[in-house]
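The file protein.pdb comes next; it holds PDB, C-alpha atoms.
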```
MODEL        1
ATOM      1  CA  MET I   1       9.015  -2.631 -10.666
ATOM      2  CA  GLY I   2       7.901  -6.052  -9.500
ATOM      3  CA  PHE I   3       8.941  -7.992  -6.459
ATOM      4  CA  ARG I   4      10.336 -11.487  -6.527
ATOM      5  CA  ILE I   5       8.608 -13.568  -3.860
ATOM      6  CA  ARG I   6      10.318 -16.574  -2.305
ATOM      7  CA  ILE I   7       9.339 -18.835   0.601
ATOM      8  CA  ASP I   8      12.061 -20.731   2.479
ATOM      9  CA  ILE I   9      10.798 -23.577   4.661
ATOM     10  CA  ASP I  10      12.857 -24.176   7.788
ATOM     11  CA  PRO I  11      11.154 -26.182  10.550
ATOM     12  CA  GLU I  12      13.794 -24.989  13.053
ATOM     13  CA  CYS I  13      13.151 -21.243  12.802
ATOM     14  CA  ASP I  14      10.494 -18.852  13.992
ATOM     15  CA  GLU I  15       8.298 -17.362  11.289
ATOM     16  CA  GLU I  16       9.481 -14.025   9.972
ATOM     17  CA  VAL I  17       9.145 -11.914   6.872
ATOM     18  CA  VAL I  18      12.285 -10.206   5.593
ATOM     19  CA  ILE I  19      12.217  -7.529   2.913
ATOM     20  CA  LYS I  20      15.518  -7.310   1.008
ATOM     21  CA  CYS I  21      15.932  -4.162  -1.036
ATOM     22  CA  LYS I  22      18.586  -1.950  -2.602
ATOM     23  CA  SER I  23      17.102   1.128  -0.936
ATOM     24  CA  ILE I  24      14.039   2.223   0.984
ATOM     25  CA  THR I  25      11.489   3.361  -1.585
ATOM     26  CA  ASP I  26       7.820   4.271  -1.328
ATOM     27  CA  GLU I  27       6.968   0.829  -2.749
ATOM     28  CA  VAL I  28       9.043  -0.928  -0.080
ATOM     29  CA  LEU I  29       7.473   1.156   2.687
ATOM     30  CA  ALA I  30       3.996   0.434   1.324
ATOM     31  CA  LEU I  31       4.771  -3.298   1.285
ATOM     32  CA  GLN I  32       6.063  -3.126   4.862
ATOM     33  CA  ALA I  33       2.940  -1.257   5.993
ATOM     34  CA  LYS I  34       0.681  -3.763   4.239
ATOM     35  CA  LEU I  35       2.425  -6.710   5.891
ATOM     36  CA  ALA I  36       2.364  -5.047   9.302
ATOM     37  CA  SER I  37      -1.331  -4.208   9.081
ATOM     38  CA  ASN I  38      -2.195  -7.843   8.331
ATOM     39  CA  GLN I  39      -0.252  -9.114  11.308
ATOM     40  CA  GLY I  40      -2.739 -10.392  13.898
ATOM     41  CA  SER I  41      -5.856  -8.298  14.216
ATOM     42  CA  GLU I  42      -6.592  -9.446  17.790
ATOM     43  CA  ILE I  43      -4.619  -9.730  20.992
ATOM     44  CA  GLU I  44      -5.182 -12.002  23.965
ATOM     45  CA  LEU I  45      -5.838 -10.004  27.139
ATOM     46  CA  LYS I  46      -7.053 -10.792  30.641
ATOM     47  CA  LEU I  47      -9.717  -9.286  32.860
ATOM     48  CA  ASN I  48     -10.380 -10.871  36.241
ATOM     49  CA  ASP I  49     -10.307 -14.634  35.630
ATOM     50  CA  SER I  50     -11.293 -14.470  31.955
ATOM     51  CA  ILE I  51      -9.311 -14.295  28.732
ATOM     52  CA  TYR I  52     -10.590 -11.956  26.016
ATOM     53  CA  PHE I  53      -9.595 -11.650  22.364
ATOM     54  CA  VAL I  54      -9.661  -7.910  21.759
ATOM     55  CA  ARG I  55      -9.371  -6.290  18.340
ATOM     56  CA  LEU I  56      -6.227  -4.170  18.091
ATOM     57  CA  SER I  57      -8.298  -1.420  16.501
ATOM     58  CA  ASP I  58     -10.312  -1.176  19.760
ATOM     59  CA  ILE I  59      -7.209  -0.534  21.865
ATOM     60  CA  LEU I  60      -6.495   3.121  22.608
ATOM     61  CA  PHE I  61      -3.191   2.628  24.404
ATOM     62  CA  PHE I  62      -1.040   0.319  26.488
ATOM     63  CA  GLU I  63       0.628   1.448  29.695
ATOM     64  CA  THR I  64       2.683  -0.077  32.466
ATOM     65  CA  ASP I  65       2.210   0.640  36.122
ATOM     66  CA  SER I  66       3.668  -1.277  39.063
ATOM     67  CA  GLY I  67       5.066  -3.924  36.705
ATOM     68  CA  LYS I  68       1.712  -4.666  35.030
ATOM     69  CA  THR I  69       0.839  -3.928  31.414
ATOM     70  CA  ALA I  70      -2.661  -2.553  30.924
ATOM     71  CA  ALA I  71      -4.502  -2.272  27.598
ATOM     72  CA  HIS I  72      -7.131   0.467  27.506
ATOM     73  CA  THR I  73     -10.185   0.419  25.266
ATOM     74  CA  ALA I  74     -12.853   3.132  25.321
ATOM     75  CA  ASP I  75     -14.750   1.451  28.150
ATOM     76  CA  ARG I  76     -12.462  -1.147  29.762
ATOM     77  CA  MET I  77      -8.977  -1.864  30.984
ATOM     78  CA  TYR I  78      -7.524  -5.324  30.317
ATOM     79  CA  TYR I  79      -4.142  -6.766  31.253
ATOM     80  CA  SER I  80      -1.432  -8.404  29.178
ATOM     81  CA  ASP I  81       1.356 -10.759  30.217
ATOM     82  CA  LEU I  82       3.622  -9.024  27.682
ATOM     83  CA  LYS I  83       6.015  -6.184  28.485
ATOM     84  CA  LEU I  84       5.817  -2.974  26.443
ATOM     85  CA  TYR I  85       8.993  -3.771  24.500
ATOM     86  CA  GLU I  86       7.491  -7.150  23.516
ATOM     87  CA  LEU I  87       4.268  -5.482  22.380
ATOM     88  CA  GLU I  88       6.232  -2.860  20.457
ATOM     89  CA  GLU I  89       7.845  -5.619  18.353
ATOM     90  CA  THR I  90       4.511  -7.150  17.316
ATOM     91  CA  LEU I  91       2.014  -4.292  17.081
ATOM     92  CA  PRO I  92       1.108  -2.796  13.684
ATOM     93  CA  GLN I  93       2.430   0.581  12.553
ATOM     94  CA  SER I  94      -0.594   2.432  13.916
ATOM     95  CA  PHE I  95       0.917   1.945  17.402
ATOM     96  CA  LEU I  96       3.747   4.136  18.639
ATOM     97  CA  ARG I  97       5.794   4.422  21.825
ATOM     98  CA  ILE I  98       5.037   7.817  23.423
ATOM     99  CA  SER I  99       6.797   7.480  26.789
ATOM    100  CA  LYS I 100       8.798   4.971  28.771
ATOM    101  CA  SER I 101       5.525   3.577  30.071
ATOM    102  CA  SER I 102       3.056   3.977  27.164
ATOM    103  CA  ILE I 103       2.309   2.870  23.595
ATOM    104  CA  ILE I 104      -0.524   4.636  21.783
ATOM    105  CA  ASN I 105      -2.801   3.701  18.890
ATOM    106  CA  ILE I 106      -2.703   6.682  16.507
ATOM    107  CA  ALA I 107      -5.982   5.832  14.710
ATOM    108  CA  PRO I 108      -8.599   6.724  17.398
ATOM    109  CA  ILE I 109      -7.051  10.090  18.382
ATOM    110  CA  SER I 110      -9.559  12.931  18.318
ATOM    111  CA  SER I 111      -7.420  15.817  19.562
ATOM    112  CA  ILE I 112      -4.047  16.819  20.981
ATOM    113  CA  ARG I 113      -3.295  19.619  23.429
ATOM    114  CA  LYS I 114       0.286  20.762  24.018
ATOM    115  CA  ASP I 115       1.151  22.561  27.245
ATOM    116  CA  ILE I 116       3.891  25.107  27.956
ATOM    117  CA  THR I 117       6.367  22.434  29.106
ATOM    118  CA  GLY I 118       6.108  20.607  25.761
ATOM    119  CA  ILE I 119       4.107  17.652  27.009
ATOM    120  CA  CYS I 120       1.223  16.641  24.730
ATOM    121  CA  GLU I 121      -2.107  15.525  26.139
ATOM    122  CA  VAL I 122      -3.897  13.137  23.754
ATOM    123  CA  PHE I 123      -7.672  12.618  23.695
ATOM    124  CA  PHE I 124      -9.604   9.820  21.990
ATOM    125  CA  ARG I 125     -12.971   9.548  20.253
ATOM    126  CA  ASN I 126     -15.994   8.367  22.285
ATOM    127  CA  THR I 127     -14.248   8.219  25.672
ATOM    128  CA  ASN I 128     -12.909  10.419  28.462
ATOM    129  CA  LYS I 129      -9.607   8.530  28.550
ATOM    130  CA  LYS I 130      -6.459  10.440  27.766
ATOM    131  CA  VAL I 131      -2.716   9.836  27.751
ATOM    132  CA  TYR I 132       0.403  12.002  27.789
ATOM    133  CA  VAL I 133       3.282  12.081  25.303
ATOM    134  CA  SER I 134       6.579  12.793  27.040
ATOM    135  CA  ARG I 135       8.867  15.484  25.613
ATOM    136  CA  SER I 136      11.533  12.990  24.570
ATOM    137  CA  TYR I 137       9.014  11.193  22.317
ATOM    138  CA  SER I 138       7.108  14.262  21.077
ATOM    139  CA  LYS I 139       9.092  14.803  17.851
ATOM    140  CA  VAL I 140       8.567  11.213  16.664
ATOM    141  CA  PHE I 141       4.914  11.443  17.740
ATOM    142  CA  ARG I 142       4.310  14.644  15.723
ATOM    143  CA  GLU I 143       6.019  13.115  12.662
ATOM    144  CA  LYS I 144       3.896   9.977  12.921
ATOM    145  CA  ILE I 145       0.680  11.984  13.324
ATOM    146  CA  ASN I 146       1.528  14.124  10.286
ATOM    147  CA  GLU I 147       2.468  11.059   8.203
ATOM    148  CA  THR I 148      -0.690   9.200   9.208
ATOM    149  CA  ARG I 149      -3.028  12.128   8.578
ATOM    150  CA  LEU I 150      -1.443  12.864   5.161
ATOM    151  CA  ASN I 151      -1.827   9.248   4.014
ATOM    152  CA  GLN I 152      -5.551   9.032   4.789
TER     153      GLN I 152
ENDMDL
END
```

In structure tokens, write the structure found in this file.
Amino acid sequence: MGFRIRIDIDPECDEEVVIKCKSITDEVLALQAKLASNQGSEIELKLNDSIYFVRLSDILFFETDSGKTAAHTADRMYYSDLKLYELEETLPQSFLRISKSSIINIAPISSIRKDITGICEVFFRNTNKKVYVSRSYSKVFREKINETRLNQ
């Protein structure tokens, strides 16, 4: 099955890509994933008085604290002017909301430890940083981890 590709030029609108389909198929999901993965490979972040362009693949997680959004890499913590819900709309599929105050990058996870209360503690490769998945997000998190690991 082939896709018909059409570009509509409208100088008044924001750029967007819409996939119209009869049903969600594996081909449609693959197309969506491909488009999402090509969407901006860097993000503009701040540290002190400087602006940095950080690769999304280097970001372990985003978190909010005291009204500020922090982006954690293995060795640094940058800040973003964006709120988590704004980031959630633009980040590729490898990022997932794991609590009211955190979005995680699934790719650099090295291990997961679940405690008796159902909260997951997530560890990353090549760093001591860790983050917690709240119980209300744990089912979606487990599904995403399983889906990601199966598709590798």

- Query: What's the 12 Å shell around Ile5 in chain I, counting all atoms listed in the file, without same-chain residues fewer than 6 positions away, as a PyMOL selection string?
  - Reply: chain I and resi 17-20

- Computed interatomic separation between CA of Ile43 in chain I and CA of Glu86 in chain I (Å):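 That distance, rounded to one decimal, is 12.6 Å.
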
- What gap, in Å, lies between CA of Lys114 in chain I and CA of Arg135 in chain I?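 Distance reported for this atom pair: 10.2 Å.
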
- Message: One number please: CA of Lys68 in chain I to CA of Lys83 in chain I, in Å, one decimal.
- Response: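 Taking CA of Lys68 in chain I and CA of Lys83 in chain I, their separation equals 8.0 Å.
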
- Message: Taking 6 positions as the minimum chain separation for residues in the same chain, which residues sit within 12 Å of Gly67 in chain I when counting all atoms listed in the file? Answer as a ChimeraX atom specification.
- Response: /I:79-84,101

- Task: Could you list the residues chosen by the PyMOL selection byres ((chain I and resi 70-75) around 9) in this structure as an NGL selection string?
- Result: :I and (45 or 58-65 or 68-69 or 76-80 or 124-129)

- Task: Find the residues near Phe123 in chain I: any atom within 6 Å, counting all atoms listed in the file, skip ones fewer than 2 places away on the same chain, and give them as number ranges by chain.
- Result: I: 109-111, 130

Starting from the displayed file, determine the output of the PyMOL selection byres ((chain I and resi 53) around 9) and express the residue list as a compact mmCIF listing (two decimals) with C-alpha atoms, keeping the file's coordinate frame.
```txt
# COMPACT_ATOMS: atom_id res chain seq x y z
CA GLU I 42 -6.59 -9.45 17.79
CA ILE I 43 -4.62 -9.73 20.99
CA GLU I 44 -5.18 -12.00 23.96
CA LEU I 45 -5.84 -10.00 27.14
CA LYS I 46 -7.05 -10.79 30.64
CA ILE I 51 -9.31 -14.30 28.73
CA TYR I 52 -10.59 -11.96 26.02
CA VAL I 54 -9.66 -7.91 21.76
CA ARG I 55 -9.37 -6.29 18.34
```

- Message: Suppose a student applies the PyMOL selection byres ((chain I and resi 137-142) around 8) to this structure; what residues should they get, written as a list in words?
- Response: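 Matching residues under the PyMOL selection byres ((chain I and resi 137-142) around 8) are Leu96, Arg97, Ile98, Ser99, Gly118, Ile119, Cys120, Val133, Ser134, Arg135, Ser136, Glu143, Lys144, Ile145 and Asn146 of chain I.
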